[in-house]
Each structure stands twice: as C-alpha cells, then as structure tokens.
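**Student:** The structure file work34.csv (CSV, N, CA and C atoms) is provided below.
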```csv
chain,number,residue,atom,x,y,z
O,292,MET,N,-32.3,46.0,138.2
O,292,MET,CA,-32.8,47.1,137.2
O,292,MET,C,-33.0,48.3,138.0
O,293,VAL,N,-32.2,49.4,137.6
O,293,VAL,CA,-32.3,50.7,138.3
O,293,VAL,C,-33.1,51.6,137.4
O,294,VAL,N,-34.1,52.3,138.0
O,294,VAL,CA,-34.9,53.3,137.2
O,294,VAL,C,-35.0,54.6,138.1
O,295,GLY,N,-35.4,55.7,137.5
O,295,GLY,CA,-35.7,56.9,138.3
O,295,GLY,C,-37.1,56.7,138.9
O,296,GLN,N,-37.2,56.9,140.2
O,296,GLN,CA,-38.5,56.8,140.9
O,296,GLN,C,-39.6,57.6,140.3
O,297,GLY,N,-40.7,57.0,139.9
O,297,GLY,CA,-41.8,57.7,139.4
O,297,GLY,C,-41.7,58.0,137.9
O,298,SER,N,-40.6,57.6,137.3
O,298,SER,CA,-40.5,57.9,135.8
O,298,SER,C,-41.4,57.0,135.0
O,299,ALA,N,-41.5,57.3,133.7
O,299,ALA,CA,-42.3,56.4,132.8
O,299,ALA,C,-41.7,55.0,132.8
O,300,TYR,N,-40.4,54.9,132.9
O,300,TYR,CA,-39.8,53.6,132.9
O,300,TYR,C,-40.1,52.8,134.2
O,301,ASP,N,-40.2,53.5,135.3
O,301,ASP,CA,-40.6,52.9,136.5
O,301,ASP,C,-42.0,52.3,136.4
O,302,LEU,N,-42.9,53.1,136.0
O,302,LEU,CA,-44.3,52.7,135.8
O,302,LEU,C,-44.4,51.5,134.9
O,303,HIS,N,-43.8,51.6,133.7
O,303,HIS,CA,-43.9,50.5,132.7
O,303,HIS,C,-43.3,49.3,133.3
O,304,LEU,N,-42.0,49.3,133.8
O,304,LEU,CA,-41.4,48.1,134.2
O,304,LEU,C,-42.0,47.5,135.5
O,305,THR,N,-42.6,48.3,136.3
O,305,THR,CA,-43.3,47.8,137.5
O,305,THR,C,-44.4,46.9,137.0
O,306,ARG,N,-45.1,47.3,136.0
O,306,ARG,CA,-46.2,46.5,135.5
O,306,ARG,C,-45.8,45.3,134.7
O,307,GLU,N,-44.6,45.4,134.0
O,307,GLU,CA,-44.3,44.3,133.1
O,307,GLU,C,-43.2,43.3,133.6
O,308,LEU,N,-42.3,43.7,134.5
O,308,LEU,CA,-41.3,42.8,135.0
O,308,LEU,C,-41.9,41.8,136.0
O,309,LYS,N,-41.5,40.5,135.8
O,309,LYS,CA,-42.0,39.5,136.7
O,309,LYS,C,-40.8,38.8,137.4
O,310,GLN,N,-39.7,38.8,136.8
O,310,GLN,CA,-38.5,38.1,137.4
O,310,GLN,C,-37.3,39.0,137.7
O,311,ALA,N,-37.5,40.2,138.0
O,311,ALA,CA,-36.4,41.1,138.3
O,311,ALA,C,-36.8,42.0,139.5
O,312,ARG,N,-35.8,42.5,140.1
O,312,ARG,CA,-36.0,43.5,141.2
O,312,ARG,C,-35.7,44.9,140.7
O,313,ILE,N,-36.6,45.8,141.0
O,313,ILE,CA,-36.5,47.2,140.6
O,313,ILE,C,-35.9,48.0,141.7
O,314,VAL,N,-34.8,48.7,141.4
O,314,VAL,CA,-34.2,49.6,142.4
O,314,VAL,C,-34.5,51.0,141.9
O,315,ARG,N,-35.1,51.8,142.8
O,315,ARG,CA,-35.5,53.1,142.4
O,315,ARG,C,-34.6,54.2,142.9
O,316,ALA,N,-33.9,54.8,141.9
O,316,ALA,CA,-33.0,55.9,142.3
O,316,ALA,C,-33.9,57.2,142.6
O,317,PRO,N,-33.4,58.1,143.3
O,317,PRO,CA,-34.3,59.3,143.7
O,317,PRO,C,-34.8,60.1,142.5
O,318,SER,N,-34.0,60.1,141.4
O,318,SER,CA,-34.3,60.8,140.2
O,318,SER,C,-33.7,60.2,139.0
O,319,SER,N,-34.1,60.6,137.8
O,319,SER,CA,-33.6,60.0,136.6
O,319,SER,C,-32.1,60.4,136.4
O,320,PRO,N,-31.6,61.6,136.8
O,320,PRO,CA,-30.2,61.9,136.7
O,320,PRO,C,-29.3,61.1,137.6
O,321,THR,N,-29.9,60.4,138.6
O,321,THR,CA,-29.1,59.7,139.6
O,321,THR,C,-29.1,58.2,139.3
O,322,VAL,N,-29.7,57.8,138.2
O,322,VAL,CA,-29.9,56.3,137.9
O,322,VAL,C,-28.5,55.6,137.8
O,323,VAL,N,-27.7,56.2,137.0
O,323,VAL,CA,-26.4,55.5,136.7
O,323,VAL,C,-25.5,55.5,138.0
O,324,ASP,N,-25.5,56.6,138.7
O,324,ASP,CA,-24.8,56.6,140.0
O,324,ASP,C,-25.3,55.4,140.9
O,325,ALA,N,-26.6,55.3,141.0
O,325,ALA,CA,-27.1,54.2,141.8
O,325,ALA,C,-26.8,52.8,141.2
O,326,PHE,N,-26.8,52.7,139.9
O,326,PHE,CA,-26.5,51.5,139.2
O,326,PHE,C,-25.1,51.1,139.5
O,327,VAL,N,-24.1,52.0,139.5
O,327,VAL,CA,-22.7,51.7,139.7
O,327,VAL,C,-22.5,51.4,141.2
O,328,ALA,N,-23.1,52.3,142.1
O,328,ALA,CA,-22.9,52.1,143.5
O,328,ALA,C,-23.4,50.8,144.1
O,329,GLN,N,-24.5,50.4,143.5
O,329,GLN,CA,-25.1,49.2,144.1
O,329,GLN,C,-24.8,47.9,143.3
O,330,GLY,N,-24.0,48.1,142.3
O,330,GLY,CA,-23.5,46.9,141.5
O,330,GLY,C,-24.6,46.2,140.8
O,331,CYS,N,-25.6,47.0,140.3
O,331,CYS,CA,-26.7,46.4,139.6
O,331,CYS,C,-26.3,46.0,138.2
O,332,GLU,N,-27.2,45.2,137.5
O,332,GLU,CA,-26.9,44.7,136.2
O,332,GLU,C,-27.4,45.5,135.0
O,333,VAL,N,-28.5,46.3,135.3
O,333,VAL,CA,-29.2,47.0,134.2
O,333,VAL,C,-29.7,48.3,134.8
O,334,ALA,N,-29.6,49.4,133.9
O,334,ALA,CA,-30.2,50.7,134.2
O,334,ALA,C,-31.1,51.1,133.1
O,335,ALA,N,-32.2,51.7,133.4
O,335,ALA,CA,-33.1,52.2,132.3
O,335,ALA,C,-33.4,53.6,132.5
O,336,GLY,N,-33.4,54.4,131.4
O,336,GLY,CA,-33.7,55.8,131.4
O,336,GLY,C,-33.7,56.4,130.1
O,337,VAL,N,-33.7,57.7,130.1
O,337,VAL,CA,-33.7,58.5,128.8
O,337,VAL,C,-32.4,58.3,128.2
O,338,LYS,N,-32.4,58.0,126.9
O,338,LYS,CA,-31.1,57.7,126.2
O,338,LYS,C,-30.1,58.8,126.3
O,339,GLN,N,-30.5,60.0,126.2
O,339,GLN,CA,-29.5,61.1,126.3
O,339,GLN,C,-28.8,61.2,127.6
O,340,GLN,N,-29.6,61.0,128.7
O,340,GLN,CA,-29.0,61.0,130.0
O,340,GLN,C,-28.0,59.8,130.2
O,341,LEU,N,-28.5,58.6,129.7
O,341,LEU,CA,-27.6,57.4,129.9
O,341,LEU,C,-26.3,57.6,129.1
O,342,GLU,N,-26.4,58.2,127.9
O,342,GLU,CA,-25.2,58.4,127.0
O,342,GLU,C,-24.2,59.3,127.8
O,343,ALA,N,-24.7,60.4,128.4
O,343,ALA,CA,-23.9,61.3,129.1
O,343,ALA,C,-23.2,60.6,130.3
O,344,ASP,N,-24.0,59.8,131.0
O,344,ASP,CA,-23.5,59.1,132.2
O,344,ASP,C,-22.5,58.0,131.8
O,345,ALA,N,-22.7,57.4,130.6
O,345,ALA,CA,-21.8,56.3,130.2
O,345,ALA,C,-20.4,56.9,130.0
O,346,GLY,N,-20.3,58.2,129.6
O,346,GLY,CA,-19.0,58.8,129.5
O,346,GLY,C,-18.3,59.0,130.8
O,347,ARG,N,-19.0,59.1,131.9
O,347,ARG,CA,-18.4,59.2,133.2
O,347,ARG,C,-17.9,57.9,133.8
O,348,TYR,N,-18.4,56.8,133.2
O,348,TYR,CA,-18.1,55.5,133.8
O,348,TYR,C,-17.5,54.6,132.7
O,349,PRO,N,-16.2,54.6,132.4
O,349,PRO,CA,-15.6,53.8,131.4
O,349,PRO,C,-15.9,52.3,131.7
O,350,GLY,N,-16.1,51.5,130.6
O,350,GLY,CA,-16.4,50.1,130.8
O,350,GLY,C,-17.9,49.8,130.8
O,351,HIS,N,-18.7,50.8,130.7
O,351,HIS,CA,-20.2,50.6,130.6
O,351,HIS,C,-20.6,50.9,129.2
O,352,ARG,N,-21.7,50.3,128.8
O,352,ARG,CA,-22.2,50.5,127.4
O,352,ARG,C,-23.7,50.6,127.4
O,353,LEU,N,-24.2,51.2,126.3
O,353,LEU,CA,-25.6,51.2,126.1
O,353,LEU,C,-26.0,50.1,125.1
O,354,LEU,N,-27.1,49.5,125.3
O,354,LEU,CA,-27.6,48.5,124.3
O,354,LEU,C,-28.2,49.3,123.1
O,355,PRO,N,-28.1,48.8,121.9
O,355,PRO,CA,-28.6,49.5,120.8
O,355,PRO,C,-30.2,49.4,120.8
O,356,GLY,N,-30.7,50.4,120.1
O,356,GLY,CA,-32.2,50.4,120.0
O,356,GLY,C,-32.8,51.0,121.3
O,357,ARG,N,-34.1,50.7,121.5
O,357,ARG,CA,-34.9,51.2,122.6
O,357,ARG,C,-35.9,50.2,123.0
O,358,PHE,N,-36.3,50.2,124.3
O,358,PHE,CA,-37.3,49.3,124.7
O,358,PHE,C,-38.7,49.9,124.9
O,359,MET,N,-38.8,51.2,124.7
O,359,MET,CA,-40.1,51.8,124.8
O,359,MET,C,-40.0,53.2,124.2
O,360,VAL,N,-41.1,53.8,123.8
O,360,VAL,CA,-41.2,55.2,123.3
O,360,VAL,C,-42.2,55.9,124.1
O,361,ILE,N,-41.8,57.1,124.6
O,361,ILE,CA,-42.7,57.9,125.4
O,361,ILE,C,-43.3,59.0,124.4
O,362,GLN,N,-44.6,58.9,124.2
O,362,GLN,CA,-45.2,59.9,123.4
O,362,GLN,C,-45.7,61.1,124.3
O,363,GLN,N,-45.4,62.3,123.9
O,363,GLN,CA,-45.8,63.5,124.7
O,363,GLN,C,-47.2,63.9,124.2
O,364,ALA,N,-47.9,64.6,125.1
O,364,ALA,CA,-49.2,65.1,124.7
O,364,ALA,C,-49.5,66.4,125.4
O,365,MET,N,-50.5,67.1,125.0
O,365,MET,CA,-51.1,68.3,125.7
O,365,MET,C,-52.6,68.1,125.7
O,366,GLY,N,-53.2,68.7,126.7
O,366,GLY,CA,-54.6,68.6,126.9
O,366,GLY,C,-55.2,69.8,127.7
O,367,CYS,N,-56.5,69.9,127.7
O,367,CYS,CA,-57.1,71.0,128.5
O,367,CYS,C,-58.4,70.4,129.1
O,368,PRO,N,-58.9,71.0,130.1
O,368,PRO,CA,-60.2,70.5,130.7
O,368,PRO,C,-61.3,70.4,129.7
O,369,LYS,N,-62.0,69.3,129.7
O,369,LYS,CA,-63.2,69.1,128.8
O,369,LYS,C,-64.2,70.2,128.9
O,370,GLY,N,-64.3,70.8,130.1
O,370,GLY,CA,-65.3,71.8,130.3
O,370,GLY,C,-65.0,73.1,129.5
O,371,ARG,N,-63.8,73.3,129.0
O,371,ARG,CA,-63.5,74.5,128.3
O,371,ARG,C,-64.1,74.5,126.9
O,372,GLY,N,-64.6,73.4,126.5
O,372,GLY,CA,-65.3,73.4,125.2
O,372,GLY,C,-64.4,73.1,124.0
O,373,GLU,N,-65.1,72.9,122.9
O,373,GLU,CA,-64.5,72.5,121.6
O,373,GLU,C,-63.6,73.6,121.1
O,374,ALA,N,-64.0,74.9,121.3
O,374,ALA,CA,-63.1,76.0,120.8
O,374,ALA,C,-61.8,75.9,121.4
O,375,ALA,N,-61.7,75.6,122.7
O,375,ALA,CA,-60.4,75.6,123.4
O,375,ALA,C,-59.6,74.4,122.9
O,376,ARG,N,-60.2,73.2,122.7
O,376,ARG,CA,-59.5,72.1,122.1
O,376,ARG,C,-59.0,72.4,120.8
O,377,GLN,N,-59.7,73.0,119.9
O,377,GLN,CA,-59.3,73.4,118.6
O,377,GLN,C,-58.1,74.4,118.6
O,378,ALA,N,-58.2,75.4,119.5
O,378,ALA,CA,-57.1,76.4,119.7
O,378,ALA,C,-55.9,75.7,120.1
O,379,LEU,N,-55.9,74.8,121.1
O,379,LEU,CA,-54.7,74.1,121.6
O,379,LEU,C,-54.2,73.2,120.4
O,380,ALA,N,-55.0,72.5,119.7
O,380,ALA,CA,-54.5,71.7,118.6
O,380,ALA,C,-53.9,72.5,117.5
O,381,ALA,N,-54.4,73.7,117.2
O,381,ALA,CA,-53.8,74.6,116.2
O,381,ALA,C,-52.5,75.1,116.7
O,382,PHE,N,-52.4,75.4,118.0
O,382,PHE,CA,-51.1,75.9,118.6
O,382,PHE,C,-50.0,74.9,118.4
O,383,VAL,N,-50.4,73.6,118.8
O,383,VAL,CA,-49.4,72.5,118.7
O,383,VAL,C,-48.9,72.4,117.3
O,384,GLU,N,-49.9,72.3,116.3
O,384,GLU,CA,-49.5,72.2,114.9
O,384,GLU,C,-48.6,73.3,114.4
O,385,GLU,N,-48.9,74.6,114.9
O,385,GLU,CA,-48.2,75.7,114.4
O,385,GLU,C,-46.7,75.6,115.0
O,386,MET,N,-46.6,75.2,116.3
O,386,MET,CA,-45.3,75.1,116.9
O,386,MET,C,-44.4,74.0,116.1
O,387,LYS,N,-45.1,73.0,115.7
O,387,LYS,CA,-44.3,71.9,114.9
O,387,LYS,C,-44.0,72.5,113.5
O,388,ALA,N,-45.0,73.1,112.8
O,388,ALA,CA,-44.8,73.5,111.5
O,388,ALA,C,-43.8,74.7,111.4
O,389,SER,N,-43.8,75.6,112.3
O,389,SER,CA,-42.9,76.7,112.3
O,389,SER,C,-41.4,76.4,112.6
O,390,GLY,N,-41.2,75.1,113.1
O,390,GLY,CA,-39.9,74.7,113.4
O,390,GLY,C,-39.5,75.0,114.8
O,391,PHE,N,-40.4,75.6,115.6
O,391,PHE,CA,-40.1,75.9,117.0
O,391,PHE,C,-39.7,74.7,117.8
O,392,VAL,N,-40.5,73.6,117.7
O,392,VAL,CA,-40.2,72.4,118.5
O,392,VAL,C,-38.8,71.9,118.1
O,393,ALA,N,-38.5,71.8,116.8
O,393,ALA,CA,-37.2,71.3,116.3
O,393,ALA,C,-36.1,72.2,116.8
O,394,GLN,N,-36.3,73.5,116.8
O,394,GLN,CA,-35.3,74.4,117.2
O,394,GLN,C,-35.1,74.3,118.7
O,395,ALA,N,-36.1,74.1,119.5
O,395,ALA,CA,-36.0,73.9,120.9
O,395,ALA,C,-35.2,72.7,121.3
O,396,LEU,N,-35.5,71.6,120.5
O,396,LEU,CA,-34.7,70.3,120.8
O,396,LEU,C,-33.2,70.6,120.5
O,397,ALA,N,-32.9,71.3,119.4
O,397,ALA,CA,-31.6,71.5,119.0
O,397,ALA,C,-30.9,72.5,120.0
O,398,ARG,N,-31.6,73.5,120.4
O,398,ARG,CA,-31.1,74.5,121.3
O,398,ARG,C,-30.7,73.9,122.7
O,399,HIS,N,-31.4,72.9,123.1
O,399,HIS,CA,-31.2,72.2,124.4
O,399,HIS,C,-30.3,70.9,124.2
O,400,GLY,N,-29.8,70.7,123.0
O,400,GLY,CA,-28.9,69.6,122.8
O,400,GLY,C,-29.6,68.2,122.9
O,401,ILE,N,-30.9,68.1,122.6
O,401,ILE,CA,-31.6,66.9,122.7
O,401,ILE,C,-31.4,66.1,121.3
O,402,ALA,N,-30.6,65.1,121.4
O,402,ALA,CA,-30.4,64.3,120.2
O,402,ALA,C,-31.2,63.0,120.3
O,403,GLY,N,-31.6,62.5,119.2
O,403,GLY,CA,-32.4,61.3,119.2
O,403,GLY,C,-33.9,61.4,119.3
O,404,ALA,N,-34.3,62.6,119.6
O,404,ALA,CA,-35.8,62.9,119.7
O,404,ALA,C,-36.3,63.4,118.3
O,405,SER,N,-37.5,63.2,118.0
O,405,SER,CA,-38.0,63.7,116.8
O,405,SER,C,-39.4,64.4,117.0
O,406,VAL,N,-39.7,65.3,116.1
O,406,VAL,CA,-40.9,66.0,116.1
O,406,VAL,C,-42.0,65.2,115.5
O,407,ALA,N,-43.1,65.1,116.2
O,407,ALA,CA,-44.2,64.3,115.6
O,407,ALA,C,-44.7,64.8,114.3
O,408,PRO,N,-45.1,63.9,113.4
O,408,PRO,CA,-45.6,64.4,112.1
O,408,PRO,C,-46.9,65.3,112.3
O,409,ARG,N,-47.1,66.2,111.3
O,409,ARG,CA,-48.3,67.1,111.4
O,409,ARG,C,-49.5,66.2,111.4
O,410,ALA,N,-50.5,66.7,112.1
O,410,ALA,CA,-51.8,65.9,112.2
O,410,ALA,C,-52.5,66.0,110.8
```
Kindly present the structure from the file in structure tokens form.
**Tutor:**
Amino acid sequence: MVVGQGSAYDLHLTRELKQARIVRAPSSPTVVDAFVAQGCEVAAGVKQQLEADAGRYPGHRLLPGRFMVIQQAMGCPKGRGEAARQALAAFVEEMKASGFVAQALARHGIAGASVAPRA
C-alpha cells in the first residue's frame, strides 16, 4: 500500500491496517510513481490526483467509490472569544452561500468534491 507521507490516508491507514505494509512516498503527487516503480499492489490518495496519474500509466485502474472522506474545517484560538468564533462561522457560511467555494473548486478543476451544506 503506497500513500503520501504524512497525508490523511497515511495517518488513517497506519492506525487501521494490521496485515499490510505501508510504503510512504515523499508526497501525494508521487504516490503513483512509487507504486509503479516498486511494484506495489495498492495506492491510496486523493481521487483527482489518482485519476490524473492513471492516465499516465495504461493498464491501471481506480476502484469505484471511496474508502474515507476528509472533512475540512477552520478554527481560531479559544482565547479570541465568542465574537471571533461567530465572525469566522459567519465568514465560512457566506463563502458557501455566495458560491465562492463552489467557484473556487470549479476554477481549479476539482471534480468530485462538494461544498458542505449550510449550517
């Protein structure tokens, strides 16, 4: 199993796998190169990156579905108080509601990701 060193997949699989060896590529974009070079059986990573890499290596395929979901979050130091928490929460909701997040995903060609529902 090849993963990008320190990625969410690395952390998750390190905790969960009991009968497999984890090979850590230096970064997520180098996972498939390490997978092919070392003759490994499985690679794990962000779907969009794996899809792009599969095009470079004919004869490889992606399994359907997903094995985990990474939820993104924002936060601020607790000491900044309730007003700061509320301002940050309002900012996040406005960025979702205004379409900014969806537009950013589209602008950067991120397929398969979705904007979280409004709170």
**Student:** Going by DSSP on the backbone, which residues of chain O come out as alpha helix (DSSP H)? List them as a PyMOL selection string.
**Tutor:** chain O and resi 299-307+322-328+338-347+372-388+391-398
**Student:** Pick the closest to Val323 in chain O from O:Gly350, O:Gly295, O:Gly370, O:Gly390: which is it, counting all atoms listed in the file?
**Tutor:**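 Looking only at the distances to Val323 in chain O, the closest residue turns out to be O:Gly295.
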**Student:** Env of Gly366 in chain O: 12 Å cut, atoms = only C-alpha atoms, seq-sep filter 3 positions within chain, self excluded. Answer as a ChimeraX atom specification.
**Tutor:** /O:363,369-373,375-380,382-383
**Student:** Between atom N of Lys338 in chain O and atom N of Gln310 in chain O, what distance in Å does the model show, to one decimal?
**Tutor:** 22.8 Å
**Student:** Can you list, as a PyMOL selection string, all residues belonging to chain O that DSSP tags as strand (DSSP E)?
**Tutor:** chain O and resi 293-295+314-316
**Student:** Quick check, in Å to one decimal: how far apart do atom N of Val314 in chain O and atom C of Asp301 in chain O lie?
**Tutor:**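 Distance between the two atoms: 9.5 Å.
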**Student:** At a cut-off of 9 Å, using only C-alpha atoms, what residues contact Arg409 in chain O? Leave out same-chain residues fewer than 2 positions from it and give the result as an MDAnalysis selection string.
**Tutor:** chainID O and resid 384 387:388 406:407
**Student:** Find the spatial neighbours of Arg357 in chain O, counting only C-alpha atoms, within a cut-off of 12 Å - ignore same-chain residues fewer than 2 positions away - and output them as a ChimeraX atom specification.
**Tutor:** /O:300,335-339,353-355,359-361,403
**Student:** Please list as a ChimeraX atom specification every residue within 7 Å of Glu332 in chain O, counting all atoms listed in the file and excluding residues in the same chain fewer than 3 positions away.
**Tutor:** /O:292-293,326,329
**Student:** Separation of CA of Val327 in chain O and CA of Gly400 in chain O, in Å?
**Tutor:**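 Here the two named atoms are 25.4 Å from each other.
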**Student:** Using 5 Å of padding on each side, determine the axis-aligned box around all atoms of range 293-308 of chain O present in the file and give its centre and edge lengths in Å to one decimal, as JSON.
**Tutor:**
```
{"center_x": -39.2, "center_y": 49.9, "center_z": 136.8, "size_x": 24.0, "size_y": 26.2, "size_z": 18.2}
```
**Student:** Pick the closest to Glu385 in chain O from O:Ala410, O:Gly356, O:Ala404, O:Gln362: which is it, counting only C-alpha atoms?
**Tutor:** O:Ala410
**Student:** Extract, using only C-alpha atoms, all DNA, RNA and protein residues at most 9 Å from Arg352 in chain O, discarding same-chain residues fewer than 3 positions from it, and format them as a ChimeraX atom specification.
**Tutor:** /O:342,345,349
**Student:** Taking into account all atoms listed in the file, which residue in the set O:Ser405, O:Gly330, O:Leu302, O:Gln296 is nearest to Arg315 in chain O?
**Tutor:**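 Among the listed residues, the smallest separation from Arg315 in chain O belongs to O:Gln296.
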